[in-house]
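> Contents are mmCIF, C-alpha atoms; file name input_24.cif:
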```cif
data_structure
#
loop_
_atom_site.label_atom_id
_atom_site.label_comp_id
_atom_site.auth_asym_id
_atom_site.auth_seq_id
_atom_site.Cartn_x
_atom_site.Cartn_y
_atom_site.Cartn_z
CA MET Z 3 -0.89 -82.94 -11.89
CA ALA Z 4 2.31 -83.67 -13.82
CA ALA Z 5 3.85 -85.11 -10.64
CA LEU Z 6 1.16 -87.82 -10.46
CA ASP Z 7 1.39 -91.24 -12.08
CA VAL Z 8 -0.51 -91.50 -15.41
CA ALA Z 9 -3.14 -93.87 -13.98
CA LEU Z 10 -3.75 -91.52 -11.05
CA GLN Z 11 -4.04 -88.56 -13.44
CA ARG Z 12 -6.81 -90.41 -15.29
CA ARG Z 13 -8.62 -91.22 -12.04
CA VAL Z 14 -8.49 -87.59 -10.91
CA ILE Z 15 -9.94 -86.44 -14.24
CA ARG Z 16 -12.72 -89.05 -14.22
CA TYR Z 17 -13.56 -88.18 -10.61
CA ALA Z 18 -13.86 -84.47 -11.46
CA VAL Z 19 -16.09 -85.22 -14.45
CA GLU Z 20 -18.30 -87.56 -12.39
CA ARG Z 21 -18.73 -84.79 -9.77
CA LEU Z 22 -20.34 -82.73 -12.55
CA GLY Z 23 -22.75 -85.57 -13.24
CA ALA Z 24 -21.21 -86.62 -16.55
CA ALA Z 25 -19.45 -89.76 -17.75
CA MET Z 26 -16.22 -89.94 -19.72
CA ASP Z 27 -14.69 -92.58 -21.98
CA PHE Z 28 -10.97 -93.28 -22.35
CA VAL Z 29 -10.52 -91.00 -25.39
CA GLY Z 30 -12.14 -88.07 -23.58
CA THR Z 31 -10.04 -88.71 -20.50
CA GLU Z 32 -6.88 -88.63 -22.60
CA LYS Z 33 -7.95 -85.39 -24.30
CA LEU Z 34 -8.45 -83.77 -20.91
CA ARG Z 35 -5.17 -85.15 -19.59
CA GLU Z 36 -3.32 -83.76 -22.61
CA LEU Z 37 -5.04 -80.37 -22.20
CA ALA Z 38 -4.13 -80.26 -18.50
CA LEU Z 39 -0.48 -81.16 -19.06
CA ASN Z 40 0.37 -79.51 -22.38
CA GLY Z 41 -2.46 -77.09 -23.16
CA ARG Z 42 -1.95 -73.35 -23.42
CA ALA Z 43 -4.01 -70.72 -21.59
CA GLY Z 44 -7.34 -70.10 -23.27
CA GLN Z 45 -7.37 -73.44 -25.08
CA LYS Z 46 -10.79 -75.13 -25.05
CA CYS Z 47 -11.99 -78.66 -25.61
CA GLU Z 48 -15.56 -79.80 -26.37
CA LEU Z 49 -16.14 -83.35 -25.15
CA GLY Z 50 -19.76 -84.03 -26.11
CA ALA Z 51 -22.92 -84.18 -23.99
CA GLY Z 52 -22.37 -80.50 -23.18
CA LEU Z 53 -19.09 -81.12 -21.33
CA ARG Z 54 -16.49 -78.41 -21.93
CA ALA Z 55 -12.97 -77.91 -20.65
CA GLU Z 56 -10.96 -74.71 -20.72
CA ARG Z 57 -7.32 -74.30 -19.76
CA SER Z 58 -6.39 -71.10 -17.94
CA HIS Z 59 -2.98 -69.97 -16.71
CA ARG Z 60 -3.37 -71.87 -13.44
CA GLU Z 61 -6.14 -74.42 -13.82
CA LEU Z 62 -8.31 -76.64 -15.97
CA ARG Z 63 -11.99 -75.67 -15.77
CA LEU Z 64 -14.69 -78.20 -16.47
CA SER Z 65 -18.27 -77.16 -17.11
CA ILE Z 66 -21.47 -78.54 -18.50
CA GLN Z 67 -23.31 -76.35 -21.00
CA SER Z 68 -27.03 -76.82 -21.36
CA VAL Z 69 -28.09 -77.70 -24.87
CA THR Z 70 -30.76 -74.97 -24.70
CA ALA Z 71 -28.27 -72.20 -23.95
CA GLY Z 72 -29.25 -70.16 -27.02
CA LYS Z 73 -28.40 -66.48 -26.79
CA ALA Z 74 -25.58 -65.63 -24.41
CA GLU Z 75 -26.48 -63.56 -21.38
CA GLY Z 76 -23.45 -61.42 -22.16
CA ASP Z 77 -25.29 -59.73 -25.06
CA GLU Z 78 -26.82 -57.35 -22.52
CA VAL Z 79 -26.60 -53.60 -23.17
CA VAL Z 80 -27.54 -51.00 -20.55
CA GLU Z 81 -28.13 -47.42 -21.72
CA ILE Z 82 -27.49 -44.80 -19.04
CA PRO Z 83 -28.73 -41.21 -19.49
CA VAL Z 84 -26.22 -38.42 -18.82
CA PRO Z 85 -26.47 -37.25 -16.10
CA GLY Z 86 -27.99 -40.34 -14.48
CA GLU Z 87 -27.40 -43.75 -12.99
CA ASP Z 88 -28.27 -47.37 -13.65
CA GLU Z 89 -26.98 -50.85 -12.96
CA GLY Z 90 -25.93 -53.81 -15.04
CA PHE Z 91 -23.18 -56.44 -15.19
CA GLY Z 92 -23.10 -56.46 -11.38
CA VAL Z 93 -22.06 -52.80 -11.08
CA ARG Z 94 -23.86 -49.51 -10.39
CA VAL Z 95 -22.82 -46.61 -12.62
CA THR Z 96 -23.40 -42.93 -11.80
CA ILE Z 97 -22.55 -40.27 -14.37
CA GLU Z 98 -22.46 -36.59 -13.42
CA VAL Z 99 -21.65 -33.53 -15.51
CA ASP Z 100 -18.86 -31.36 -14.06
CA GLY Z 101 -19.59 -27.64 -13.68
CA ALA Z 102 -22.55 -25.94 -15.34
CA GLN Z 103 -24.77 -28.31 -17.27
CA PRO Z 104 -24.23 -27.67 -20.97
CA SER Z 105 -27.29 -27.49 -23.16
CA PHE Z 106 -27.03 -30.61 -25.30
CA VAL Z 107 -28.92 -30.73 -28.58
CA SER Z 108 -29.57 -34.32 -27.64
CA PRO Z 109 -28.19 -35.43 -24.27
CA PRO Z 110 -25.49 -38.09 -24.59
CA VAL Z 111 -26.23 -41.64 -23.55
CA ALA Z 112 -23.57 -43.86 -22.04
CA VAL Z 113 -23.66 -47.55 -22.93
CA LEU Z 114 -22.60 -50.26 -20.48
CA ARG Z 115 -21.86 -53.35 -22.59
CA ASN Z 116 -19.44 -56.19 -23.19
CA TRP Z 117 -16.24 -55.26 -24.97
CA LYS Z 118 -16.08 -56.02 -28.67
CA PRO Z 119 -13.12 -56.93 -30.86
CA GLY Z 120 -11.52 -53.72 -32.11
CA ASP Z 121 -12.44 -51.67 -29.02
CA ARG Z 122 -9.67 -49.38 -27.83
CA VAL Z 123 -9.19 -47.82 -24.41
CA HIS Z 124 -6.94 -44.96 -23.31
CA LEU Z 125 -5.40 -46.09 -20.02
CA ARG Z 126 -4.38 -43.49 -17.47
CA HIS Z 127 -0.68 -42.57 -17.73
CA SER Z 128 -0.26 -44.23 -21.14
CA SER Z 129 0.87 -42.62 -24.36
CA GLY Z 130 -2.15 -43.59 -26.44
CA PRO Z 131 -5.09 -45.93 -26.84
CA ARG Z 132 -4.57 -49.67 -26.49
CA LYS Z 133 -6.67 -52.57 -27.72
CA VAL Z 134 -8.98 -53.90 -25.02
CA LYS Z 135 -7.96 -57.42 -26.03
CA GLU Z 136 -4.31 -56.67 -25.23
CA VAL Z 137 -5.22 -55.07 -21.89
CA LEU Z 138 -7.25 -58.17 -20.95
CA GLU Z 139 -4.36 -60.44 -21.94
CA ARG Z 140 -2.00 -58.46 -19.69
CA MET Z 141 -4.53 -58.75 -16.87
CA LYS Z 142 -4.53 -62.54 -17.50
CA VAL Z 143 -8.31 -62.66 -17.99
CA SER Z 144 -9.34 -66.07 -19.35
CA GLY Z 145 -11.45 -66.56 -22.47
CA SER Z 146 -14.75 -67.29 -20.73
CA GLU Z 147 -14.40 -64.27 -18.42
CA ARG Z 148 -13.10 -62.13 -21.27
CA ALA Z 149 -16.27 -62.67 -23.31
CA LYS Z 150 -18.35 -61.06 -20.55
CA TRP Z 151 -15.95 -58.22 -19.60
CA PRO Z 152 -17.91 -54.95 -19.23
CA VAL Z 153 -16.92 -51.53 -20.55
CA LEU Z 154 -18.69 -48.16 -20.42
CA GLU Z 155 -18.80 -46.18 -23.65
CA LEU Z 156 -19.56 -42.45 -23.74
CA ASN Z 157 -19.40 -40.31 -26.89
CA GLY Z 158 -17.85 -43.23 -28.80
CA ARG Z 159 -15.01 -43.61 -26.29
CA ILE Z 160 -14.51 -46.24 -23.59
CA VAL Z 161 -14.44 -44.31 -20.30
CA TRP Z 162 -14.51 -47.24 -17.85
CA MET Z 163 -13.33 -50.84 -17.94
CA ARG Z 164 -13.43 -53.30 -15.04
CA GLY Z 165 -10.03 -53.67 -13.41
CA ALA Z 166 -8.26 -50.93 -15.39
CA ALA Z 167 -7.49 -47.27 -14.68
CA VAL Z 168 -8.91 -45.43 -17.70
CA GLU Z 169 -8.15 -41.82 -18.64
CA PRO Z 170 -11.19 -39.78 -17.48
CA GLU Z 171 -13.55 -38.12 -19.97
CA PRO Z 172 -13.28 -34.32 -19.60
CA GLY Z 173 -16.46 -32.70 -18.26
CA PHE Z 174 -17.90 -35.88 -16.75
CA ARG Z 175 -17.51 -37.58 -13.38
CA ILE Z 176 -18.11 -41.32 -13.54
CA THR Z 177 -18.51 -43.44 -10.42
CA VAL Z 178 -18.73 -47.24 -10.63
CA VAL Z 179 -19.53 -49.30 -7.56
#
```
Please, can you express the file's structure as structure tokens?


Amino acid sequence: MAALDVALQRRVIRYAVERLGAAMDFVGTEKLRELALNGRAGQKCELGAGLRAERSHRELRLSIQSVTAGKAEGDEVVEIPVPGEDEGFGVRVTIEVDGAQPSFVSPPVAVLRNWKPGDRVHLRHSSGPRKVKEVLERMKVSGSERAKWPVLELNGRIVWMRGAAVEPEPGFRITVV
């Protein structure tokens, strides 16, 4: 976009916004142009009438949020009995107990949920636990995708995370499809 003339940059932005069914004034167009040219990854811009823009490493994403959005769909939590299986977040999780089934006082329950700030994960072949936030930054996951990134927690430890090789939990076999 930087290679285009300023007037053509404005036309491209207005065209993209019109394709979403919204209208944009000059000030909004300039905000978007500035975000596209000089914004950093993860930077967001609210432009009124539900129009949002988010800068990622490679692109500028425009979206229209409904005013009645309310509670985010990403607040979903799926409890999975151990051993057992269930689905959520677009994946099917199967948890099996290795060897003889121990007699649990209360059988553990795995929780498939979105990651939360402060979560730590022990990646395979790493020296110790790392913050999920840092792992997602290394994977170049944008802010909107990051908010909905699923993890599987078992016995207070994250044992699966989309897109990452996590150190396995001893005594359990976890399959995610």

> Using only C-alpha atoms, determine which residues lie at most 12 Å from Gly50 (chain Z), disregarding the query and same-chain residues fewer than 3 positions distant; provide the list as JSON, numbers by chain.

{"Z": [24, 25, 26, 27, 29, 30, 47, 53, 54, 55, 65, 66, 67, 68, 69]}

> From the options Z:Val123, Z:Leu114, Z:Leu10, Z:Ala38, which residue's atoms come nearest to Lys150 (chain Z), counting all atoms listed in the file?

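Of Z:Val123, Z:Leu114, Z:Leu10, Z:Ala38, the one nearest Lys150 (chain Z), counting all atoms listed in the file, is Z:Leu114.
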
> List the residues selected by the PyMOL selection byres ((chain Z and resi 151-165) around 10) in the file shown, writing them as a ChimeraX atom specification.

/Z:76,78-82,84,90-93,95,110-118,121-125,131,134,137-138,141,143,145-150,166-171,174,176-178

> Keeping only C-alpha atoms, write the selected residues to a file as a short mmCIF file (atom, residue, chain, number, x, y, z; two decimals), in the coordinates of the input.


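Result file is again-v4.cif:
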```cif
data_model
loop_
_atom_site.label_atom_id
_atom_site.label_comp_id
_atom_site.auth_asym_id
_atom_site.auth_seq_id
_atom_site.Cartn_x
_atom_site.Cartn_y
_atom_site.Cartn_z
CA GLY Z 76 -23.45 -61.42 -22.16
CA GLU Z 78 -26.82 -57.35 -22.52
CA VAL Z 79 -26.60 -53.60 -23.17
CA VAL Z 80 -27.54 -51.00 -20.55
CA GLU Z 81 -28.13 -47.42 -21.72
CA ILE Z 82 -27.49 -44.80 -19.04
CA VAL Z 84 -26.22 -38.42 -18.82
CA GLY Z 90 -25.93 -53.81 -15.04
CA PHE Z 91 -23.18 -56.44 -15.19
CA GLY Z 92 -23.10 -56.46 -11.38
CA VAL Z 93 -22.06 -52.80 -11.08
CA VAL Z 95 -22.82 -46.61 -12.62
CA PRO Z 110 -25.49 -38.09 -24.59
CA VAL Z 111 -26.23 -41.64 -23.55
CA ALA Z 112 -23.57 -43.86 -22.04
CA VAL Z 113 -23.66 -47.55 -22.93
CA LEU Z 114 -22.60 -50.26 -20.48
CA ARG Z 115 -21.86 -53.35 -22.59
CA ASN Z 116 -19.44 -56.19 -23.19
CA TRP Z 117 -16.24 -55.26 -24.97
CA LYS Z 118 -16.08 -56.02 -28.67
CA ASP Z 121 -12.44 -51.67 -29.02
CA ARG Z 122 -9.67 -49.38 -27.83
CA VAL Z 123 -9.19 -47.82 -24.41
CA HIS Z 124 -6.94 -44.96 -23.31
CA LEU Z 125 -5.40 -46.09 -20.02
CA PRO Z 131 -5.09 -45.93 -26.84
CA VAL Z 134 -8.98 -53.90 -25.02
CA VAL Z 137 -5.22 -55.07 -21.89
CA LEU Z 138 -7.25 -58.17 -20.95
CA MET Z 141 -4.53 -58.75 -16.87
CA VAL Z 143 -8.31 -62.66 -17.99
CA GLY Z 145 -11.45 -66.56 -22.47
CA SER Z 146 -14.75 -67.29 -20.73
CA GLU Z 147 -14.40 -64.27 -18.42
CA ARG Z 148 -13.10 -62.13 -21.27
CA ALA Z 149 -16.27 -62.67 -23.31
CA LYS Z 150 -18.35 -61.06 -20.55
CA ALA Z 166 -8.26 -50.93 -15.39
CA ALA Z 167 -7.49 -47.27 -14.68
CA VAL Z 168 -8.91 -45.43 -17.70
CA GLU Z 169 -8.15 -41.82 -18.64
CA PRO Z 170 -11.19 -39.78 -17.48
CA GLU Z 171 -13.55 -38.12 -19.97
CA PHE Z 174 -17.90 -35.88 -16.75
CA ILE Z 176 -18.11 -41.32 -13.54
CA THR Z 177 -18.51 -43.44 -10.42
CA VAL Z 178 -18.73 -47.24 -10.63
#
```

> Tell me which residues come within 7 Å of (-6.7, -65.8, -21.7), as a list of chain:residue names, counting only C-alpha atoms in the file's coordinates.

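Every residue inside that radius is included here: Z:Ala43, Z:Gly44, Z:Ser58, Z:Glu139, Z:Lys142, Z:Val143, Z:Ser144, Z:Gly145.
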
> Hey, can you check how far CA of Leu22 (chain Z) sits from CA of Arg35 (chain Z)?

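CA of Leu22 (chain Z) sits 16.9 Å away from CA of Arg35 (chain Z).
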